[in-house]
Amino acid sequence: MLRKPPHPGTLVAFAILALVAGGFIALAAVGGERPTLFAIGPYLWRVLAFSIVQAALSTLLSLVLGAALALALARRRFPGRGMVLALLGTTMVIPTIVVVFAVFAVYGRSGWATGVLSLLGWRDGFSIFGYPGILIAHVFLNGPFVARILLDSLSLVPAEHWRLASAFGFSPAHVFRHLDGPVLRAEMPGLAGLVFLLCFKSFAIVLALGGGPSRSTLEVAIYEALKIDLDFGRAAWLSLIQLVICLTLTGVLHWAFTRPPTAPTIRGLIQRPDARNRNLKLLDAIVLVAAALFIAPLALSLLSGLNNILDVIDTDLLRAFVTSMTIAVIAATIACLLALALASAARRQRVALRSPRAAAFYDFLPNTLLAVPPFALTAGLYLIVRSFVDPSSAGFILLPLINGLAAVPFAYRSLAPRLLTAEERYGRVAAALGITGVNKLTIMDWPLLKRPFGAAFALAMALSFGDFGIIALFGGQELVTLPYLLFERLGSYRLDEASAIGLFIVLVAFLLAHVSGRLSHAGD
Amino acid sequence: MLVIENCRLTWPDFAADYSMTVQKGALCAIVGPSGGGKTTLLHMIAGFETPESGKLAFDGVDLVPLEPAKRPVAIVFQDHNLFPHLTAGQNVALGIRPSLRISEGERRRIDEMLEAVGLMGFGTRNPGEMSGGQRQRVALARALVSGRPMILLDEPFSSLDPGLRRDMVRLVGELRRQRPVTILMTIHTPEDVADLADQMVFVADGKVLASDTPSAILGGSLAPRIAAATSNT
């Protein structure tokens, strides 16, 4: 009897695991004199301490800003509130290298804020390098995101509870204790873990704003080991530690805080009994003004590129745009196909084979890709492919591949639930008619899947298009993406050109994210 | 006596104009099609909606300027009556004092009330561990413990199955015999309360179209409309 060929998802899962394992083994094997963990100990401790401290501070500040902003926005109604909410959701999509530009433009030597401070007589100024710049950038990216998530959760409190609060005459303290507090308590641990993970892995922001070798995250340290010192052994050790920490965090987040997604509800105006309290009015006004003063200049600095956009359009820019787009399309294709294969394997395990444990493995695998340090993986794979291809063109292969792998978790989140829906609706009919394999995919799944697939594709493109990660290793004469071009201009303090390139990147990323959002919210 | 005279409320897509009276200590059942304005009527009495004009008074006291917490009213919703992070006992205690700082005497009153609704010893349970019917009993206990002279029940038992629903209606009848409260309840199944209610009103299109004894309403000219309103849901 012929054995059935393995499911494509199984092959993909093994391929991903083999790729990651292969990369690490190659990296560890090439080390040459191979330093012991003990030899890099003091350096490692410094990097680790900085990674953790900056991530913890970034998380704390992001949560404080996010929670205060969410509560203030939940209590207040004002013209333009809807636009503010829409803007809050977009900061997460701003590519990190563009955020670096915004921090330079506002707080840099010739920045707006610095100008205002010197007008006020504070001419000494402060250096944005080190903690200030990193924290500003991280809080700008994550604070509004936290606010948006918390606001959505706060609005899920049933209207009946608000009526009860009015009927019982709750004071603002009671409202916080019985209504807002429990929501925040439920959301905060998961959000804290997520923000910490993002900041712990931060690369572009720390590379550009760290301002010295002592202020690196592990991710930057791995990059420096590879690019500057060509010390593969040290890179392998650093990567292993990074992987262990991030995998642990990802695992904890995945198992402890994954809740069934709740549909966003649209509610009419709810009378909050605490909205009339005078102290809270004052507090909310302060919070809203402070948040606006922090967020608005950074966001608006991106618009300053409008003046210069015509000046920077040249063949360099167009070539970089085409390169970025090409990489984005290939990366999105890789991400969506891998995610589809994994999701369909997970569905088969869950529904046909009744093996929820195996399905949970497929669910978790995409998340582990978030924990893999991209530089280590890239370096390992580079060591493998360099014997087959010209080293100078390796970037063209590895960049889309790594960007694609990095987008798999997001694509998976979009595709997997829809595949299950299709199975629930039509699975029995398809089974009765004997529709299986590719036919099942095209006849049964695709009609339900095409919109989320498009959404995942556009999102993966947006992520890849704005990414400034391993391009830092490969960027140069041969290979220039738009984010790399921006990094070069920032490095030579040509802020006018940088502003226009930054605006260009943000516009494309926003457009793709918008398309993705529209597709994922549209009905069947 | 509860007096409602030409209380008008308007929205872009709905307008209401209520007039009715309920005797003190009576149980008044409110029936009618969904979307007809039954819940809005209760929300207006409780203070969640404010009439633009008209008179709304209980025992000669004008309710309109009073905040919800100051009105002589306790309300039970169809769902989401209990705060999930508080125990059943604490949820009942909210009816006495939102700070939950209660005296020993009040603690005993809460236990008595839980016993009265058939939940003796349930004080330390979390709402998540209770059935839908038990949660509604807790909400009822809270409405009673507050000592307010009027209790509004908004489809309180609609999410329960028929047997349980009739038990709950019977419970309301018993509790009413023990203490003098005025009860207004919206209900989907008028026959459940036909024996118990003193008064029945039919609300549709934002108006009180009829007010009489249950037998008169259910046997009168509105009977086909009531049957239509209660069967198609």
# chains A, B, ... in the order shown; residues from 1 in each chain; ligands from 1

call {"tool": "select_by_dssp", "arguments": {"residues": "range 62-150 of chain B", "states": "strand (DSSP E or B)", "output": "NGL selection string"}}
result
:B and (62 or 73-76 or 150)

call {"tool": "select_by_dssp", "arguments": {"residues": "range 12-226 of chain B", "states": "helix (DSSP H, G or I)", "output": "ChimeraX atom specification"}}
result
/B:38-46,68-70,88-93,104-116,127-129,132-145,162-178,190-192,214-219,223-226

call {"tool": "closest_atom_pairs", "arguments": {"of": "chain A", "to": "chain B", "cutoff": "6 Å", "atoms": "only C-alpha atoms", "output": "Markdown table"}}
result
| residue | atom | partner | partner_atom | distance |
| --- | --- | --- | --- | --- |
| A:Ser166 | CA | B:Pro68 | CA | 5.7 |
| A:Ala167 | CA | B:Ala69 | CA | 4.3 |
| A:Phe168 | CA | B:Ala69 | CA | 5.0 |
| A:Gly169 | CA | B:Ala69 | CA | 4.6 |

call {"tool": "atom_distance", "arguments": {"atom1": "CA of Gly37 in chain B", "atom2": "CA of Val117 in chain B"}}
result
29.3 Å

call {"tool": "residues_around", "arguments": {"residues": "Asp17 in chain B", "least_positions_apart": "6", "cutoff": "7 Å", "atoms": "only C-alpha atoms", "output": "JSON, numbers by chain"}}
result
{"B": [6, 7, 8, 9, 206, 207]}

call {"tool": "residues_around", "arguments": {"residues": "Leu160 in chain B", "least_positions_apart": "4", "cutoff": "12 Å", "atoms": "only C-alpha atoms", "output": "ChimeraX atom specification"}}
result
/B:78-79,131-137,155-156,164-169,188-189

call {"tool": "atom_distance", "arguments": {"atom1": "CA of Gly395 in chain A", "atom2": "CA of Phe203 in chain A"}}
result
18.5 Å

call {"tool": "closest_residue", "arguments": {"among": "B:Leu2, B:Val22, B:Leu218, B:Cys28", "to": "Gly173 in chain B", "atoms": "only C-alpha atoms"}}
result
B:Cys28

call {"tool": "residues_around", "arguments": {"residues": "Leu317 in chain A", "least_positions_apart": "6", "cutoff": "12 Å", "atoms": "only C-alpha atoms", "output": "PyMOL selection string"}}
result
chain A and resi 309-311+323-324+480-486+489+497-498+500-502+504-505

call {"tool": "atom_distance", "arguments": {"atom1": "CA of Leu61 in chain A", "atom2": "CA of Gly143 in chain A"}}
result
7.5 Å

call {"tool": "closest_residue", "arguments": {"among": "A:Gly466, A:Gly475, A:Gly133, A:Pro158", "to": "Val506 in chain A", "atoms": "only C-alpha atoms"}}
result
A:Gly466

call {"tool": "residues_around", "arguments": {"residues": "range 246-258 of chain A", "least_positions_apart": "2", "cutoff": "8 Å", "atoms": "only C-alpha atoms", "output": "VMD selection string"}}
result
chain A and resid 189 to 190 193 to 194 197 242 to 244 260 364 367 to 368 370 to 372

call {"tool": "write_last_selection", "arguments": {"atoms": "C-alpha atoms", "output": "PDB file, in the first residue's frame"}}
result
ATOM      1  CA  PRO A 189      -0.328  41.828  31.984  1.00  0.00           C
ATOM      2  CA  GLY A 190      -0.706  40.667  28.386  1.00  0.00           C
ATOM      3  CA  GLY A 193       4.406  41.332  28.041  1.00  0.00           C
ATOM      4  CA  LEU A 194       3.835  42.227  24.407  1.00  0.00           C
ATOM      5  CA  LEU A 197       8.937  41.810  23.999  1.00  0.00           C
ATOM      6  CA  GLN A 242      17.989  36.153  22.871  1.00  0.00           C
ATOM      7  CA  LEU A 243      16.084  33.146  21.535  1.00  0.00           C
ATOM      8  CA  VAL A 244      15.640  31.592  24.974  1.00  0.00           C
ATOM      9  CA  PRO A 260     -10.868  34.413  22.312  1.00  0.00           C
ATOM     10  CA  PHE A 364       2.329  28.150  18.303  1.00  0.00           C
ATOM     11  CA  ASN A 367       4.688  32.804  17.161  1.00  0.00           C
ATOM     12  CA  THR A 368       8.075  31.245  17.735  1.00  0.00           C
ATOM     13  CA  LEU A 370       8.711  36.268  16.502  1.00  0.00           C
ATOM     14  CA  ALA A 371      11.285  35.058  19.003  1.00  0.00           C
ATOM     15  CA  VAL A 372      13.998  34.048  16.521  1.00  0.00           C
TER      16      VAL A 372
END

call {"tool": "residues_around", "arguments": {"residues": "Ala68 in chain A", "least_positions_apart": "4", "cutoff": "8 Å", "atoms": "only C-alpha atoms", "output": "number ranges by chain"}}
result
A: 64, 72, 147, 287
